[in-house]
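Participant: Let me give you the structure first, and then I'll get to my questions.
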Protein chains: 2
Amino acid sequence: MSQLPSFARVLIDLDERSYPILIGHDLLGDSRTYADLPGADSALVVSNTVVDSLYGEQLGLALAPHYRNVYRVVLPDGEQHKNWQTLNLIFDALLQNRCDRKTVLFALGGGVVGDMTGFAAASFMRGVPFVQVPTTLLAQVDSSVGGKTAINHPLGKNMIGAFYQPRLVVCDAGVFSTLPQRELSAGLAEVIKYGPIADMAFLDWVDANLPQLLARDPVALAFAVKRSCEIKAQVVGQDEREGGLRAILNFGHTFGHAIENGMGYGHWLHGEAVGCGMVMAAQLSLRLGLVDAAFVQRLTGLIERAGLPVVAPQLPPSANDPALSESNADRYLSLMRVDKKAQAGTIQFIVIDRPGSAQLCTAPDDLVRQVVETCCG
Amino acid sequence: MSQLPSFARVLIDLDERSYPILIGHDLLGDSRTYADLPGADSALVVSNTVVDSLYGEQLGLALAPHYRNVYRVVLPDGEQHKNWQTLNLIFDALLQNRCDRKTVLFALGGGVVGDMTGFAAASFMRGVPFVQVPTTLLAQVDSSVGGKTAINHPLGKNMIGAFYQPRLVVCDAGVFSTLPQRELSAGLAEVIKYGPIADMAFLDWVDANLPQLLARDPVALAFAVKRSCEIKAQVVGQDEREGGLRAILNFGHTFGHAIENGMGYGHWLHGEAVGCGMVMAAQLSLRLGLVDAAFVQRLTGLIERAGLPVVAPQLPPSANDPALSESNADRYLSLMRVDKKAQAGTIQFIVIDRPGSAQLCTAPDDLVRQVVETCCG
């Protein structure tokens, strides 16, 4: 068999759950990409309406030599569909097609498709193998790697899920040609994230190469994916189930989840909320005396130039608050108290303790209110 | 602290996921039973309408010294409620009460409550600790031990779930005093099961002590629970995720699941379907030349004396078969092809290869049809 086109390989090292991330060009549609997966009679490709029409057939053809039956299920597109009803469409497809314990699931899409397919794979017959084929920048640099799978609950994002590792992640740089600009920017939020929490040299590189990244230079994007995956691999290899260290990957996510949830899923893209959430978390770090104003300014400027919002939204009041008694800052606090990282109602923030390093901490409510008020402009 | 009342302790040995099963009297309502669990701010007791009214308050009081907040959620009773809608009541209670990643779930009830609480614990925030407090014989000897958790899908039983181990199983023999006779018999099906698959001496003991077991002699029942758990612990310790050996615990379940699913969940108790399913699996073993007629007759007689059905039901036709073209035997075959053990549509049966030993095997459809026809009387 001839060689695959040139690509980088990043290993997620988790003993018997280890797996490779392949990063390169023309991987998605090449049947050799999938040659080392466990044998099975059938495969199910899970996608959404948009991505299926772009890449569904191509992936199906690449899988055809490996499986007697390749089924496809197409989910509605968007974070607002990341719920049980949509998840059940995957189970329906699996059972109607008489799939079995060896059937391999392929997540072809962005973070929503990846998270749902992963949770479906974790739960179907108590666990079947799955492969991530991320088609957004955000999914390639973050959500498809590390085995976090979940669906949302009306009372909180990603509240129901599993730690369940894929067997393979295929990051094909070719998919960026079809990615809407807004999604590209959303992905850059997670790329930018890796700098302040782990590698300021990478932040410098992103800063210097932002024009190329925004212009979809394939070499620049492939490098950004590779370096992001390397950092994530290092963190996840040390703390698969988020006992501690792994939480730093959630920099910007505590505030970000409050924005996503408070605005209603689907209004802000996850990456947009994380971008703005990083500005808020940096402001909190500043107020805790951990970083200086120049650092916050630099990070905020970079996020803004990446095409992301840096002014936090006024959140609509809770449906349980018809008297509108809760201020905007208190609404943020209420939403953050049901974040997964909260314990006994105490919110855990990820702050930058010095440029290139992050940690978990708590903060007085008044300080958080100040941050919300400052960031809401 | 004074000693707990006398009890037996069976260890499920799974490295860092190991946990004890405590078997004895007056354990459920004793706060010392729960002293070694991981610390948390809150606990949620999951039960059903029947069991909550019997034991909910008692367990809540026993937990009060350990948790600042003990919440209770009461599910509707019965296998027909083992679905996503009911599972979601647990998530709602957890989120409405602002439970967190350390919150401990307690499954107070039979197999349905245990399976659903376990799956909720596996999935809530990607995993929180849970404890099994089984209140039926079936749950004490089988479903609460070993970490299989699941809900049903309209197309198949236990299709959606996780392998997720509890931290503790509390088998209090006191609960048998309130157990309906039909449930007691259903539990005996799983007790009887351990003999033919693993320990003929235990089958002899059950045979000799059946009158005491049916009369709820607490010493006899506690011994039956202990020996059943020991056998299950041995099997699960060798094969946690059912790569092979563990499948023998499903003796009677391939046919049994077809009965449960075909009749509609809730019509036959799980243990009743397993009892009848064991008769069918024994008949299949006979037709495969593995055991003799005397063995089948002895097992069938014991199942019948335990108060369980030994004549298989005629299954109602599938809703997809308005022309009634499928025979009863073919209906069984169709339902068994979506069993979790089936691979590429080939049904895997567990047969007795000699008394006290079981194995997985396939069988020609015609032979299976003969078994169905014989057993349907």
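Residue numbering restarts at 1 in every chain; chains get A, B, ... in the order shown in the structure tokens, and ligands count up from 1 in that same order.
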What are the closest atom pairs, with distances in Å to one decimal, for all residues of chain B lying within 10 Å of chain A? Consider only C-alpha atoms, order rows by chain and residue number, and present the result as CSV.

Facilitator:
residue,atom,partner,partner_atom,distance
B:Ala40,CA,A:Ala344,CA,8.5
B:Asp41,CA,A:Ala344,CA,6.2
B:Ser42,CA,A:Ala344,CA,7.9
B:Arg68,CA,A:Ala344,CA,9.9
B:Trp84,CA,A:Trp84,CA,8.1
B:Gln85,CA,A:Trp84,CA,9.6
B:Asn88,CA,A:His153,CA,9.2
B:Phe91,CA,A:Ile160,CA,8.1
B:Asp92,CA,A:Leu155,CA,8.1
B:Leu95,CA,A:Leu155,CA,6.5
B:Gln96,CA,A:Leu155,CA,7.8
B:Asn97,CA,A:Val338,CA,9.5
B:Arg98,CA,A:Val338,CA,6.0
B:Cys99,CA,A:Ala344,CA,7.0
B:Asp100,CA,A:Gln343,CA,5.5
B:Arg101,CA,A:Lys340,CA,6.6
B:Lys102,CA,A:Gln343,CA,7.5
B:Thr103,CA,A:Ala344,CA,8.9
B:Phe119,CA,A:Ser123,CA,9.2
B:Ala120,CA,A:Ile160,CA,8.3
B:Ala121,CA,A:Ile160,CA,9.5
B:Ala122,CA,A:Ala162,CA,7.1
B:Ser123,CA,A:Gly161,CA,4.7
B:Phe124,CA,A:Ile160,CA,4.9
B:Met125,CA,A:Met159,CA,4.9
B:Arg126,CA,A:Ala162,CA,4.3
B:Gly127,CA,A:Ala162,CA,6.9
B:Lys148,CA,A:Arg126,CA,8.2
B:Thr149,CA,A:Arg126,CA,8.1
B:Ala150,CA,A:Arg126,CA,7.7
B:Ile151,CA,A:Ser123,CA,9.8
B:His153,CA,A:Phe91,CA,8.2
B:Pro154,CA,A:Asp92,CA,9.0
B:Leu155,CA,A:Leu95,CA,6.6
B:Gly156,CA,A:Leu95,CA,7.9
B:Lys157,CA,A:Met125,CA,9.6
B:Asn158,CA,A:Met125,CA,7.3
B:Met159,CA,A:Met125,CA,4.9
B:Ile160,CA,A:Phe124,CA,4.9
B:Gly161,CA,A:Ser123,CA,4.7
B:Ala162,CA,A:Arg126,CA,4.3
B:Phe163,CA,A:Arg126,CA,6.2
B:Tyr164,CA,A:Arg126,CA,9.4
B:Arg241,CA,A:Arg126,CA,8.8
B:Arg337,CA,A:Arg98,CA,7.6
B:Val338,CA,A:Arg98,CA,6.0
B:Asp339,CA,A:Asp100,CA,8.5
B:Lys340,CA,A:Met125,CA,6.1
B:Lys341,CA,A:Arg101,CA,7.4
B:Ala342,CA,A:Asp100,CA,6.5
B:Gln343,CA,A:Asp100,CA,5.4
B:Ala344,CA,A:Asp41,CA,6.2
B:Gly345,CA,A:Arg98,CA,6.8
B:Thr346,CA,A:Asp100,CA,9.8

Participant: Could you pull out the strand (DSSP E or B) residues of stretch 31-175 of chain A, going by DSSP on the backbone, and write them as a short mmCIF file (atom, residue, chain, number, x, y, z; two decimals) with C-alpha atoms, in the first residue's frame?

Facilitator:
data_model
loop_
_atom_site.label_atom_id
_atom_site.label_comp_id
_atom_site.auth_asym_id
_atom_site.auth_seq_id
_atom_site.Cartn_x
_atom_site.Cartn_y
_atom_site.Cartn_z
CA SER A 42 -20.71 -1.71 9.87
CA ALA A 43 -19.95 1.98 10.37
CA LEU A 44 -22.25 4.91 11.03
CA VAL A 45 -21.25 8.40 9.91
CA VAL A 46 -22.92 11.07 12.02
CA SER A 47 -23.03 14.55 10.55
CA ASN A 48 -25.25 17.59 10.26
CA ASN A 69 -22.32 -1.40 5.47
CA VAL A 70 -21.68 2.32 5.89
CA TYR A 71 -24.74 4.13 7.21
CA ARG A 72 -25.20 7.89 7.52
CA VAL A 73 -27.35 9.90 9.90
CA VAL A 74 -27.79 13.64 9.49
CA LEU A 75 -28.56 15.78 12.55
CA VAL A 104 -17.64 2.17 14.51
CA LEU A 105 -19.16 5.66 14.75
CA PHE A 106 -17.61 8.53 12.78
CA ALA A 107 -18.25 12.10 13.95
CA LEU A 108 -18.09 14.26 10.82
CA GLY A 109 -18.62 17.86 11.83
CA PHE A 124 -24.65 2.68 22.80
CA PHE A 130 -15.64 6.03 17.48
CA VAL A 131 -13.53 8.32 15.31
CA GLN A 132 -13.46 12.11 15.23
CA VAL A 133 -13.35 13.76 11.81
CA PRO A 134 -13.58 17.43 12.87
CA LYS A 148 -14.94 14.92 26.63
CA THR A 149 -18.37 14.12 25.25
CA ALA A 150 -21.70 15.59 26.32
CA ILE A 151 -25.10 17.01 25.59
CA ASN A 152 -26.63 20.11 27.14
CA HIS A 153 -29.41 20.28 29.73
CA GLY A 156 -26.52 23.92 32.00
CA LYS A 157 -24.11 23.28 29.18
CA ASN A 158 -22.45 19.86 28.75
CA MET A 159 -24.06 18.64 31.95
CA ILE A 160 -24.74 15.10 30.71
CA GLY A 161 -21.90 13.16 29.16
CA ALA A 162 -18.91 10.89 29.53
CA PHE A 163 -15.17 10.81 29.35
CA LEU A 168 -8.49 8.23 15.97
CA VAL A 169 -8.80 11.96 15.21
CA VAL A 170 -8.46 13.05 11.58
CA CYS A 171 -7.67 16.77 11.18
CA ASP A 172 -7.81 17.52 7.46
#

Participant: Of the candidates A:Met116, A:Leu284, A:Leu203, A:Leu335, which shows the shortest atom-to-atom distance to A:Pro76, using only C-alpha atoms?

Facilitator: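 Residue with the minimum atom-to-atom distance to A:Pro76: A:Met116.
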
Participant: Could you tell me how far atom CA of A:Ile23 sits from atom CA of A:Leu137, in Å to one decimal place?

Facilitator: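 Separation between atom CA of A:Leu137 and atom CA of A:Ile23: 11.9 Å.
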
Participant: Set out as a Markdown table a contact list for stretch 139-167 of chain A and stretch 208-228 of chain A with a cut-off of 10 Å, giving each residue of stretch 139-167 of chain A that qualifies its closest atom pair and distance in Å to one decimal, counting only C-alpha atoms, ordered by chain and rising residue number.

Facilitator:
| residue | atom | partner | partner_atom | distance |
| --- | --- | --- | --- | --- |
| A:Ala139 | CA | A:Val225 | CA | 9.8 |
| A:Gln140 | CA | A:Val225 | CA | 6.5 |
| A:Val141 | CA | A:Val225 | CA | 5.3 |
| A:Asp142 | CA | A:Ser228 | CA | 7.6 |

Participant: Kindly export the residues of the current selection with C-alpha atoms, as a compact mmCIF listing (two decimals), in the first residue's frame.

Facilitator:
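Below is the file selection02.txt, written as the result:
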# COMPACT_ATOMS: atom_id res chain seq x y z
CA ALA A 139 -13.18 21.02 16.80
CA GLN A 140 -9.72 20.28 15.38
CA VAL A 141 -7.86 22.24 18.06
CA ASP A 142 -10.06 21.46 21.03

Participant: I need the residues of stretch 219-316 of chain B that end up classed as alpha helix (DSSP H) by DSSP on the backbone, written out as a ChimeraX atom specification.

Facilitator: /B:219-238,253-263,270-287,293-305

Participant: Pick the closest to B:Ile21 from B:Val191, B:Ala173, B:Val51, B:Ala233: which is it, counting only C-alpha atoms?

Facilitator: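 Looking at the shortest contact to B:Ile21, the residue is B:Ala233.
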
Participant: As a PDB file with N, CA and C atoms, in the first residue's frame, please: the residues near stretch 350-355 of chain B (cut-off 10 Å, only C-alpha atoms, same-chain neighbours under 6 positions excluded).

Facilitator:
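Resulting contents of around.pdb:
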ATOM      1  N   GLY B 195     -26.183 -21.383  39.662  1.00  0.00           N
ATOM      2  CA  GLY B 195     -25.854 -22.804  39.747  1.00  0.00           C
ATOM      3  C   GLY B 195     -25.411 -23.385  38.413  1.00  0.00           C
ATOM      4  N   PRO B 196     -26.308 -23.448  37.425  1.00  0.00           N
ATOM      5  CA  PRO B 196     -25.940 -24.100  36.158  1.00  0.00           C
ATOM      6  C   PRO B 196     -24.736 -23.472  35.472  1.00  0.00           C
ATOM      7  N   ILE B 197     -24.504 -22.162  35.654  1.00  0.00           N
ATOM      8  CA  ILE B 197     -23.377 -21.551  34.928  1.00  0.00           C
ATOM      9  C   ILE B 197     -22.056 -21.683  35.678  1.00  0.00           C
ATOM     10  N   ALA B 198     -22.105 -21.922  37.025  1.00  0.00           N
ATOM     11  CA  ALA B 198     -20.836 -21.806  37.765  1.00  0.00           C
ATOM     12  C   ALA B 198     -20.673 -22.732  38.960  1.00  0.00           C
ATOM     13  N   ASP B 199     -21.754 -23.233  39.551  1.00  0.00           N
ATOM     14  CA  ASP B 199     -21.584 -23.900  40.839  1.00  0.00           C
ATOM     15  C   ASP B 199     -22.766 -24.828  41.117  1.00  0.00           C
ATOM     16  N   MET B 200     -22.615 -26.092  40.711  1.00  0.00           N
ATOM     17  CA  MET B 200     -23.731 -27.024  40.880  1.00  0.00           C
ATOM     18  C   MET B 200     -24.016 -27.312  42.354  1.00  0.00           C
ATOM     19  N   LEU B 203     -26.499 -24.910  43.287  1.00  0.00           N
ATOM     20  CA  LEU B 203     -27.814 -25.307  42.762  1.00  0.00           C
ATOM     21  C   LEU B 203     -28.451 -26.342  43.683  1.00  0.00           C
ATOM     22  N   ALA B 247     -20.207 -12.628  29.813  1.00  0.00           N
ATOM     23  CA  ALA B 247     -21.454 -12.928  29.101  1.00  0.00           C
ATOM     24  C   ALA B 247     -22.194 -14.118  29.696  1.00  0.00           C
ATOM     25  N   ILE B 248     -21.490 -15.035  30.372  1.00  0.00           N
ATOM     26  CA  ILE B 248     -22.198 -16.211  30.929  1.00  0.00           C
ATOM     27  C   ILE B 248     -23.240 -15.797  31.962  1.00  0.00           C
ATOM     28  N   LEU B 249     -23.065 -14.607  32.567  1.00  0.00           N
ATOM     29  CA  LEU B 249     -24.066 -14.123  33.531  1.00  0.00           C
ATOM     30  C   LEU B 249     -25.388 -13.829  32.844  1.00  0.00           C
ATOM     31  N   ASN B 250     -25.363 -13.792  31.533  1.00  0.00           N
ATOM     32  CA  ASN B 250     -26.587 -13.537  30.781  1.00  0.00           C
ATOM     33  C   ASN B 250     -27.314 -14.822  30.385  1.00  0.00           C
ATOM     34  N   PHE B 251     -26.977 -15.941  31.023  1.00  0.00           N
ATOM     35  CA  PHE B 251     -27.709 -17.183  30.760  1.00  0.00           C
ATOM     36  C   PHE B 251     -29.212 -16.933  30.963  1.00  0.00           C
ATOM     37  N   GLY B 252     -30.003 -17.273  29.950  1.00  0.00           N
ATOM     38  CA  GLY B 252     -31.447 -17.055  30.020  1.00  0.00           C
ATOM     39  C   GLY B 252     -31.880 -15.675  29.554  1.00  0.00           C
ATOM     40  N   HIS B 253     -30.917 -14.769  29.360  1.00  0.00           N
ATOM     41  CA  HIS B 253     -31.269 -13.379  29.071  1.00  0.00           C
ATOM     42  C   HIS B 253     -31.525 -13.110  27.593  1.00  0.00           C
ATOM     43  N   THR B 254     -30.932 -13.889  26.692  1.00  0.00           N
ATOM     44  CA  THR B 254     -31.166 -13.637  25.265  1.00  0.00           C
ATOM     45  C   THR B 254     -32.645 -13.909  24.949  1.00  0.00           C
ATOM     46  N   PHE B 255     -33.112 -15.090  25.331  1.00  0.00           N
ATOM     47  CA  PHE B 255     -34.545 -15.376  25.173  1.00  0.00           C
ATOM     48  C   PHE B 255     -35.373 -14.446  26.079  1.00  0.00           C
ATOM     49  N   MET B 278     -34.245 -19.154  30.800  1.00  0.00           N
ATOM     50  CA  MET B 278     -33.301 -20.223  31.161  1.00  0.00           C
ATOM     51  C   MET B 278     -33.818 -21.584  30.709  1.00  0.00           C
ATOM     52  N   MET B 280     -35.611 -22.052  28.093  1.00  0.00           N
ATOM     53  CA  MET B 280     -35.392 -22.073  26.639  1.00  0.00           C
ATOM     54  C   MET B 280     -33.910 -22.303  26.308  1.00  0.00           C
ATOM     55  N   ALA B 281     -33.022 -21.627  27.069  1.00  0.00           N
ATOM     56  CA  ALA B 281     -31.587 -21.796  26.818  1.00  0.00           C
ATOM     57  C   ALA B 281     -31.138 -23.212  27.172  1.00  0.00           C
ATOM     58  N   ALA B 282     -31.777 -23.802  28.194  1.00  0.00           N
ATOM     59  CA  ALA B 282     -31.447 -25.187  28.552  1.00  0.00           C
ATOM     60  C   ALA B 282     -31.909 -26.141  27.442  1.00  0.00           C
ATOM     61  N   GLN B 283     -33.090 -25.860  26.904  1.00  0.00           N
ATOM     62  CA  GLN B 283     -33.597 -26.665  25.776  1.00  0.00           C
ATOM     63  C   GLN B 283     -32.653 -26.560  24.574  1.00  0.00           C
ATOM     64  N   LEU B 284     -32.127 -25.369  24.350  1.00  0.00           N
ATOM     65  CA  LEU B 284     -31.180 -25.195  23.244  1.00  0.00           C
ATOM     66  C   LEU B 284     -29.899 -25.983  23.521  1.00  0.00           C
ATOM     67  N   SER B 285     -29.444 -25.937  24.770  1.00  0.00           N
ATOM     68  CA  SER B 285     -28.243 -26.700  25.148  1.00  0.00           C
ATOM     69  C   SER B 285     -28.468 -28.191  24.894  1.00  0.00           C
ATOM     70  N   LEU B 286     -29.668 -28.662  25.241  1.00  0.00           N
ATOM     71  CA  LEU B 286     -30.021 -30.070  25.012  1.00  0.00           C
ATOM     72  C   LEU B 286     -29.967 -30.405  23.532  1.00  0.00           C
ATOM     73  N   LEU B 288     -28.329 -28.991  21.277  1.00  0.00           N
ATOM     74  CA  LEU B 288     -26.952 -28.922  20.770  1.00  0.00           C
ATOM     75  C   LEU B 288     -26.115 -30.086  21.313  1.00  0.00           C
ATOM     76  N   GLY B 289     -26.763 -30.965  22.081  1.00  0.00           N
ATOM     77  CA  GLY B 289     -26.063 -32.153  22.572  1.00  0.00           C
ATOM     78  C   GLY B 289     -25.125 -31.885  23.730  1.00  0.00           C
ATOM     79  N   LEU B 290     -25.338 -30.766  24.444  1.00  0.00           N
ATOM     80  CA  LEU B 290     -24.387 -30.387  25.500  1.00  0.00           C
ATOM     81  C   LEU B 290     -24.797 -30.920  26.867  1.00  0.00           C
ATOM     82  N   VAL B 291     -26.100 -31.003  27.109  1.00  0.00           N
ATOM     83  CA  VAL B 291     -26.595 -31.513  28.397  1.00  0.00           C
ATOM     84  C   VAL B 291     -27.670 -32.558  28.108  1.00  0.00           C
ATOM     85  N   ASP B 292     -28.037 -33.313  29.143  1.00  0.00           N
ATOM     86  CA  ASP B 292     -29.059 -34.343  28.909  1.00  0.00           C
ATOM     87  C   ASP B 292     -30.434 -33.863  29.371  1.00  0.00           C
ATOM     88  N   PHE B 295     -31.074 -33.073  33.113  1.00  0.00           N
ATOM     89  CA  PHE B 295     -30.617 -31.767  33.582  1.00  0.00           C
ATOM     90  C   PHE B 295     -31.662 -30.689  33.274  1.00  0.00           C
ATOM     91  N   VAL B 296     -32.158 -30.716  32.048  1.00  0.00           N
ATOM     92  CA  VAL B 296     -33.154 -29.715  31.639  1.00  0.00           C
ATOM     93  C   VAL B 296     -34.402 -29.840  32.503  1.00  0.00           C
ATOM     94  N   LYS B 341     -25.674  -8.684  22.480  1.00  0.00           N
ATOM     95  CA  LYS B 341     -24.632  -9.669  22.216  1.00  0.00           C
ATOM     96  C   LYS B 341     -24.556 -10.064  20.740  1.00  0.00           C
ATOM     97  N   CYS B 361     -22.396 -19.231  22.341  1.00  0.00           N
ATOM     98  CA  CYS B 361     -22.363 -19.957  21.070  1.00  0.00           C
ATOM     99  C   CYS B 361     -23.443 -19.427  20.130  1.00  0.00           C
ATOM    100  N   THR B 362     -23.337 -19.788  18.895  1.00  0.00           N
ATOM    101  CA  THR B 362     -24.379 -19.478  17.927  1.00  0.00           C
ATOM    102  C   THR B 362     -25.175 -20.762  17.679  1.00  0.00           C
TER     103      THR B 362
END

Participant: Work out how far atom CA of A:Ala358 is from atom CA of A:Gly264, in Å to one decimal.

Facilitator: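 Between atom CA of A:Gly264 and atom CA of A:Ala358 the gap is 28.5 Å.
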
Participant: What is the distance between atom CA of A:Pro309 and atom CA of A:Leu184, in Å to one decimal?

Facilitator: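 Those two atoms sit 13.5 Å apart.
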
Participant: Mind checking which residues fall within 8 Å of A:Tyr19, counting only C-alpha atoms, ignoring those fewer than 6 positions away in the same chain, and posting them as a compact mmCIF listing (two decimals) with N, CA and C atoms, in the first residue's frame?

Facilitator:
# COMPACT_ATOMS: atom_id res chain seq x y z
N LEU A 11 0.35 12.07 19.39
CA LEU A 11 -0.23 10.96 20.14
C LEU A 11 -0.84 11.45 21.44
N ILE A 12 -2.09 11.02 21.69
CA ILE A 12 -2.67 11.23 23.02
C ILE A 12 -2.33 9.97 23.81
N ASP A 13 -1.51 10.14 24.83
CA ASP A 13 -0.93 8.99 25.53
C ASP A 13 -1.73 8.68 26.79
N PRO A 166 -11.86 8.77 21.61
CA PRO A 166 -11.97 8.21 20.26
C PRO A 166 -10.79 7.28 19.99
N ARG A 167 -10.86 6.53 18.88
CA ARG A 167 -9.75 5.66 18.47
C ARG A 167 -8.78 6.40 17.56
N LEU A 168 -9.25 7.51 16.98
CA LEU A 168 -8.49 8.23 15.97
C LEU A 168 -9.13 9.60 15.80
N VAL A 169 -8.29 10.64 15.58
CA VAL A 169 -8.80 11.96 15.21
C VAL A 169 -8.15 12.34 13.89

Participant: Any idea what's packed within 9 Å of A:Gly262, counting only C-alpha atoms, ignoring anything in its chain fewer than 2 positions away? Could you give it as a list of chain:residue names?

Facilitator: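 Contacts, in chain order: A:His257, A:Ala258, A:Ile259, A:Glu260, A:Gly264, A:Tyr265, A:Leu315, A:Pro316, A:Pro317, A:Ser318, A:Arg331, A:Tyr332, A:Leu335.
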